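A.B. asks: Data file run.cif (mmCIF, C-alpha atoms) is appended below.
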data_start
#
loop_
_atom_site.label_atom_id
_atom_site.label_comp_id
_atom_site.auth_asym_id
_atom_site.auth_seq_id
_atom_site.Cartn_x
_atom_site.Cartn_y
_atom_site.Cartn_z
CA MET A 1 109.95 96.00 129.54
CA ARG A 2 106.61 94.64 130.79
CA HIS A 3 104.90 97.59 129.15
CA SER A 4 106.12 96.45 125.71
CA HIS A 5 104.85 92.94 126.50
CA THR A 6 101.43 94.36 127.29
CA LEU A 7 101.33 96.16 123.95
CA ALA A 8 102.33 92.99 122.14
CA ILE A 9 99.62 90.99 123.89
CA THR A 10 97.04 93.60 123.01
CA ALA A 11 98.08 93.50 119.36
CA THR A 12 97.85 89.72 119.39
CA VAL A 13 94.36 89.79 120.85
CA LEU A 14 93.30 92.16 118.08
CA LEU A 15 94.70 89.77 115.49
CA LEU A 16 92.75 86.90 117.00
CA ALA A 17 89.55 88.92 117.12
CA ALA A 18 90.04 89.94 113.48
CA GLY A 19 89.84 86.33 112.34
CA CYS A 20 93.29 84.77 112.68
CA THR A 21 91.80 81.32 113.31
CA LYS A 22 94.14 78.90 111.56
CA THR A 23 96.27 76.76 113.83
CA ASP A 24 99.29 74.58 113.24
CA THR A 25 99.25 71.41 115.31
CA ALA A 26 101.11 69.18 112.91
CA SER A 27 104.22 69.16 115.09
CA ALA A 28 102.40 67.84 118.14
CA GLY A 29 101.51 64.20 118.57
CA ALA A 30 97.95 63.11 119.22
CA ALA A 31 98.66 62.46 122.89
CA ASP A 32 100.46 65.76 123.40
CA ALA A 33 97.70 67.64 121.58
CA ALA A 34 95.17 66.36 124.12
CA LYS A 35 97.18 67.65 127.08
CA PRO A 36 96.78 71.25 128.18
CA VAL A 37 99.96 73.31 128.12
CA ALA A 38 98.95 74.86 131.46
CA THR A 39 95.98 75.34 133.75
CA VAL A 40 94.96 78.58 135.43
CA ASN A 41 92.72 78.17 138.48
CA GLY A 42 91.58 74.87 137.04
CA THR A 43 90.93 76.19 133.53
CA PRO A 44 93.05 74.36 130.95
CA ILE A 45 94.90 76.12 128.15
CA SER A 46 94.65 73.71 125.22
CA GLN A 47 97.38 72.91 122.74
CA ASP A 48 95.25 74.44 119.99
CA VAL A 49 94.98 77.73 121.87
CA TRP A 50 98.71 77.66 122.56
CA ASN A 51 99.57 77.05 118.89
CA LEU A 52 97.22 79.78 117.72
CA TYR A 53 98.58 82.29 120.23
CA VAL A 54 102.18 81.62 119.19
CA LYS A 55 101.28 81.93 115.52
CA ALA A 56 99.55 85.28 116.06
CA ARG A 57 102.12 86.58 118.54
CA HIS A 58 105.16 85.61 116.46
CA SER A 59 104.07 86.40 112.91
CA GLY A 60 103.13 82.91 111.75
CA LYS A 61 105.84 80.95 113.54
CA THR A 62 105.10 77.60 115.19
CA VAL A 63 105.98 76.61 118.73
CA ALA A 64 108.89 74.56 117.35
CA ASP A 65 110.32 77.70 115.70
CA LEU A 66 110.70 79.51 119.04
CA THR A 67 113.69 79.42 121.33
CA PRO A 68 113.12 78.03 124.83
CA GLU A 69 113.20 81.57 126.17
CA GLN A 70 110.59 82.72 123.65
CA ARG A 71 108.34 79.76 124.47
CA THR A 72 108.55 80.53 128.18
CA GLU A 73 107.84 84.20 127.60
CA ALA A 74 104.88 83.47 125.30
CA LEU A 75 103.38 80.95 127.70
CA ASP A 76 103.77 83.40 130.59
CA GLU A 77 101.89 85.98 128.51
CA LEU A 78 99.11 83.54 127.69
CA ILE A 79 98.77 82.48 131.32
CA GLY A 80 98.58 86.15 132.26
CA MET A 81 95.77 86.64 129.75
CA TYR A 82 93.78 83.77 131.26
CA ALA A 83 94.33 85.07 134.78
CA GLY A 84 93.30 88.53 133.69
CA ALA A 85 90.17 87.25 131.96
CA GLN A 86 89.17 85.31 135.05
CA GLU A 87 89.61 88.39 137.21
CA ALA A 88 87.55 90.43 134.77
CA LYS A 89 84.70 87.94 135.16
CA LYS A 90 85.02 88.07 138.95
CA GLU A 91 84.74 91.83 138.86
CA ASN A 92 81.73 91.56 136.56
CA LEU A 93 83.40 93.61 133.84
CA THR A 94 81.78 91.69 130.98
CA THR A 95 78.68 93.86 131.00
CA GLY A 96 77.52 96.91 129.10
CA GLU A 97 79.32 97.88 125.91
CA ASP A 98 82.45 95.86 126.72
CA GLY A 99 80.42 92.73 127.32
CA ALA A 100 78.47 93.36 124.13
CA ARG A 101 81.73 93.65 122.20
CA ILE A 102 82.94 90.30 123.56
CA GLU A 103 79.62 88.65 122.74
CA LEU A 104 79.67 90.10 119.23
CA VAL A 105 83.24 88.89 118.57
CA ASN A 106 82.35 85.41 119.83
CA THR A 107 79.17 85.28 117.75
CA SER A 108 81.00 86.48 114.65
CA SER A 109 83.75 83.89 115.15
CA MET A 110 81.23 81.06 115.51
CA THR A 111 79.44 82.15 112.35
CA GLU A 112 82.78 82.23 110.55
CA LEU A 113 83.40 78.65 111.61
CA LEU A 114 80.03 77.65 110.21
CA PHE A 115 80.86 79.44 106.95
CA LYS A 116 84.12 77.50 106.62
CA LYS A 117 82.37 74.20 107.24
CA PHE A 118 79.56 75.13 104.85
CA THR A 119 81.92 76.05 101.99
CA THR A 120 84.72 73.50 102.42
CA GLY A 121 84.80 71.14 99.45
CA LYS A 122 81.94 72.99 97.74
CA GLU A 123 83.68 75.03 95.08
CA PRO A 124 81.27 76.62 92.57
CA THR A 125 80.93 74.84 89.25
CA GLU A 126 81.94 76.43 85.96
CA GLU A 127 78.26 76.85 85.12
CA GLU A 128 77.67 78.70 88.40
CA LEU A 129 80.68 80.93 87.81
CA LYS A 130 79.55 81.87 84.32
CA ALA A 131 76.00 82.52 85.52
CA GLU A 132 77.32 84.82 88.25
CA TYR A 133 79.50 86.60 85.70
CA ASP A 134 76.54 87.16 83.38
CA ALA A 135 74.45 88.47 86.27
CA ARG A 136 77.17 90.90 87.33
CA VAL A 137 77.74 92.10 83.76
CA ALA A 138 74.01 92.73 83.37
CA GLU A 139 74.20 95.11 86.35
CA LEU A 140 77.09 97.12 84.91
CA PRO A 141 76.52 100.52 83.25
CA LYS A 142 76.08 100.25 79.50
CA VAL A 143 77.56 103.66 78.69
CA GLU A 144 80.69 105.54 79.79
CA PHE A 145 81.12 109.29 79.60
CA HIS A 146 84.06 111.57 78.89
CA ALA A 147 83.39 115.01 80.32
CA ARG A 148 84.88 118.23 81.61
CA HIS A 149 83.65 120.50 84.35
CA ILE A 150 84.29 123.77 86.08
CA LEU A 151 83.68 123.80 89.84
CA VAL A 152 83.23 127.04 91.78
CA ASP A 153 81.89 128.00 95.20
CA ASP A 154 78.90 130.17 94.31
CA GLU A 155 76.07 130.15 91.78
CA ALA A 156 76.63 133.71 90.59
CA LYS A 157 80.20 132.90 89.60
CA ALA A 158 79.05 129.80 87.74
CA LYS A 159 76.39 131.78 85.85
CA ASP A 160 78.97 134.39 84.87
CA LEU A 161 81.27 131.67 83.47
CA ILE A 162 78.39 130.14 81.49
CA ALA A 163 77.68 133.54 80.00
CA GLN A 164 81.32 133.81 78.93
CA ILE A 165 81.19 130.35 77.33
CA ASP A 166 77.99 131.33 75.54
CA LYS A 167 79.92 134.26 74.02
CA GLY A 168 82.68 131.97 72.75
CA ALA A 169 85.14 131.75 75.64
CA SER A 170 87.15 128.54 75.85
CA PHE A 171 85.68 126.06 78.34
CA GLU A 172 89.14 124.60 78.97
CA THR A 173 90.74 127.98 79.59
CA LEU A 174 88.01 129.04 82.01
CA ALA A 175 88.39 125.74 83.85
CA LYS A 176 92.13 126.29 84.26
CA GLU A 177 91.60 129.84 85.52
CA ASN A 178 88.56 129.35 87.74
CA SER A 179 87.86 125.76 88.75
CA LYS A 180 88.74 124.74 92.29
CA ASP A 181 88.81 121.07 91.32
CA GLY A 182 92.06 119.17 90.79
CA SER A 183 91.10 118.66 87.16
CA ALA A 184 91.59 122.40 86.54
CA THR A 185 95.16 121.90 85.33
CA ASP A 186 93.78 119.64 82.58
CA GLY A 187 91.12 122.10 81.52
CA GLY A 188 88.53 120.39 83.72
CA ASP A 189 89.02 117.02 82.03
CA LEU A 190 87.54 114.20 84.16
CA GLY A 191 88.47 111.38 81.79
CA TRP A 192 86.17 108.39 81.27
CA PHE A 193 83.70 107.31 83.95
CA SER A 194 80.27 105.80 84.46
CA ALA A 195 77.33 107.86 85.65
CA ALA A 196 77.23 105.85 88.88
CA GLN A 197 80.70 107.09 89.80
CA MET A 198 79.44 110.66 90.13
CA VAL A 199 77.06 112.18 92.68
CA LYS A 200 73.45 112.07 91.50
CA PRO A 201 72.87 115.76 90.60
CA PHE A 202 76.04 115.68 88.48
CA SER A 203 75.22 112.41 86.72
CA ASP A 204 71.58 113.40 86.16
CA ALA A 205 72.63 116.63 84.45
CA LEU A 206 75.36 114.90 82.46
CA GLN A 207 73.01 112.30 81.01
CA GLN A 208 70.73 115.04 79.67
CA LEU A 209 73.51 116.54 77.55
CA GLU A 210 74.29 115.95 73.91
CA VAL A 211 77.91 115.37 72.93
CA GLY A 212 79.70 118.71 72.65
CA LYS A 213 77.12 120.56 74.77
CA TYR A 214 77.42 122.01 78.29
CA THR A 215 74.94 122.73 81.05
CA GLY A 216 73.15 126.02 80.50
CA THR A 217 72.50 126.42 84.22
CA PRO A 218 74.85 125.63 87.11
CA VAL A 219 74.53 122.20 88.74
CA LYS A 220 74.58 122.19 92.57
CA THR A 221 76.24 119.37 94.52
CA ASP A 222 77.80 119.12 97.96
CA PHE A 223 81.11 120.12 96.34
CA GLY A 224 79.86 123.40 94.93
CA TRP A 225 78.45 124.63 91.61
CA HIS A 226 79.40 122.81 88.41
CA ILE A 227 79.38 123.64 84.73
CA ILE A 228 79.53 120.32 82.89
CA LYS A 229 80.53 119.66 79.28
CA LEU A 230 80.03 116.27 77.63
CA GLU A 231 82.93 115.49 75.30
CA GLU A 232 81.99 112.00 74.09
CA THR A 233 80.39 108.70 75.05
CA ARG A 234 81.20 105.06 74.39
CA ALA A 235 79.78 101.64 75.10
CA ALA A 236 81.06 100.25 78.39
CA THR A 237 83.18 97.12 78.03
CA PRO A 238 82.83 94.54 80.82
CA PRO A 239 85.99 92.89 82.17
CA PRO A 240 86.82 89.55 80.51
CA TYR A 241 85.47 86.48 82.30
CA ASP A 242 88.92 85.01 82.93
CA SER A 243 90.14 88.23 84.58
CA VAL A 244 87.43 88.14 87.27
CA LYS A 245 86.78 84.41 87.54
CA ALA A 246 88.79 84.08 90.76
CA GLN A 247 86.63 86.76 92.43
CA LEU A 248 83.35 85.12 91.46
CA GLY A 249 83.77 81.97 93.55
CA PRO A 250 83.80 83.74 96.95
CA MET A 251 80.80 85.83 95.85
CA ILE A 252 78.80 82.70 95.03
CA GLN A 253 79.81 81.01 98.29
CA GLN A 254 78.79 84.09 100.27
CA LYS A 255 75.40 84.22 98.55
CA LYS A 256 74.80 80.53 99.26
CA PHE A 257 75.79 80.96 102.89
CA GLU A 258 73.52 83.97 103.31
CA ALA A 259 70.67 81.87 101.92
CA HIS A 260 71.60 79.14 104.41
CA LEU A 261 71.48 81.62 107.29
CA LYS A 262 68.03 82.74 106.18
CA GLU A 263 66.86 79.12 106.34
CA LEU A 264 68.34 78.79 109.84
CA VAL A 265 66.50 81.94 110.91
CA LYS A 266 63.25 80.56 109.49
CA ALA A 267 63.71 77.39 111.54
CA ALA A 268 64.65 79.30 114.68
CA LYS A 269 62.26 80.67 117.26
CA VAL A 270 62.86 84.40 116.93
CA GLU A 271 61.08 86.99 119.05
CA ARG A 272 61.74 90.56 118.10
CA ALA A 273 61.33 93.34 120.61
CA PRO A 274 58.76 96.00 119.69
CA ALA A 275 60.22 98.94 117.81
CA ASN A 276 61.01 101.93 119.96
CA PRO A 277 58.11 104.41 119.86
CA THR A 278 58.75 107.61 117.94
CA PRO A 279 58.94 110.56 120.37
#
Any chance you could put this one into C-alpha cells?
C.D. replies:
Amino acid sequence: MRHSHTLAITATVLLLAAGCTKTDTASAGAADAAKPVATVNGTPISQDVWNLYVKARHSGKTVADLTPEQRTEALDELIGMYAGAQEAKKENLTTGEDGARIELVNTSSMTELLFKKFTTGKEPTEEELKAEYDARVAELPKVEFHARHILVDDEAKAKDLIAQIDKGASFETLAKENSKDGSATDGGDLGWFSAAQMVKPFSDALQQLEVGKYTGTPVKTDFGWHIIKLEETRAATPPPYDSVKAQLGPMIQQKKFEAHLKELVKAAKVERAPANPTP
C-alpha cells in the first residue's frame, strides 16, 4: 500500500515541477492562512504549499473537498516529502546532475512567476494583435503545390522508372506498383502543401518544375530516391484574422517578456566562462 503512495507522491511532484502553480486559499481565513499546517524539524509547511499539494495530488480538489481520512493521508505524505528533502540535503545529494535539475526547475519556476506578473493586466491591444497578424502572414509561403512522387530505395530503380515515364508509362500506375511511400495507393498523390513542409532537396527540385512536368533525374533525400511530378499550384490563403486572434495574444506577450529579459540581462553583471578549447 505504501508503494502506491510513493508512486502518487512522485506523480504529484512531477505535476508541480511542470508548472501547476495555482493555489486555492479562498476557503481559509486570513489568520488560518498565516499558520503553518505542520512543521518538520522546525521548517514550516505553509497553507499555500498545503493547498497546492492537495490540488495537484487530488486532481484539482481543495482541502475542503477531502474527507478527514484523505486530509490526514495527504498531510502525512507532504510531511514525508519534507523529511525526505531534509535528509537529502544532509546527505549532500543536491549536487551533480540531480542538483542541477533542482536548480533548473527552481529557476524556471521563478521566471514563470515573473512572466505572470509582467503580463497580468497587460492584454495586447487590437492594433498590436493586427500588427502581429500582418507580420505572421508576411512570413507565410505565398504558393502551395499539388504534386505526386514515386519513392524507391536505389537510384538505378528510379532512373529506370523515369525512362518508362519518358516512353509514355503512367506516372500514377508506376507509383502504385513501385513506390514505397504511403501515397502509393493514391498514385503517389501528396495533396496540397507548401515547399517548407518538405525536406529541402525535395522542395528545391519541386520549385524548379513547370506544371505537368516531372523530374528528369532522381532526387535524393534521407528517405530514398524520388521522382516528383508537379500537378498544379495555387496562391496560399492565410487563415482569417478572427480564427487566429486568440493565439496572437500569447505570442505578443511572450515577445514582450523576452525583450524584458534581454533588458534585465543588460543591466546584470554577467561573466561568461571562456569557451572550451577545440581539441
A.B. asks: Rounded to one decimal in Å, what is the spacing between CA of Ala38 in chain A and CA of Ile79 in chain A?
C.D. replies: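 Interatomic distance, CA of Ala38 in chain A to CA of Ile79 in chain A: 7.6 Å.
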A.B. asks: Rank A:Glu112, A:Glu232, A:Glu139, A:Glu263 by their smallest atom-to-atom distance to Tyr214 in chain A, using only C-alpha atoms, and report the top residue only.
C.D. replies: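 Using only C-alpha atoms, Tyr214 in chain A sits closest to A:Glu232.
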A.B. asks: Distance CA of Leu151 in chain A-CA of Trp225 in chain A, one decimal place?
C.D. replies: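 Computing the Euclidean distance for CA of Leu151 in chain A and CA of Trp225 in chain A yields 5.6 Å.
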A.B. asks: To one decimal place in Å, what is the distance between CA of Thr237 in chain A and CA of Val137 in chain A?
C.D. replies: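 We find that CA of Thr237 in chain A and CA of Val137 in chain A lie 9.4 Å from each other.
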A.B. asks: Near range 239-251 of chain A, within 9 Å and counting all atoms listed in the file, which residues show up once chain neighbours fewer than 2 positions away are dropped, as an NGL selection string?
C.D. replies: :A and (123-125 or 128-130 or 132-133 or 137 or 237 or 253-256)
A.B. asks: Env of range 219-223 of chain A: 9 Å cut, atoms = only C-alpha atoms, seq-sep filter 2 positions within chain, self excluded. Answer as a PyMOL selection string.
C.D. replies: chain A and resi 151-153+155+158+199-202+205+215+217+225-228
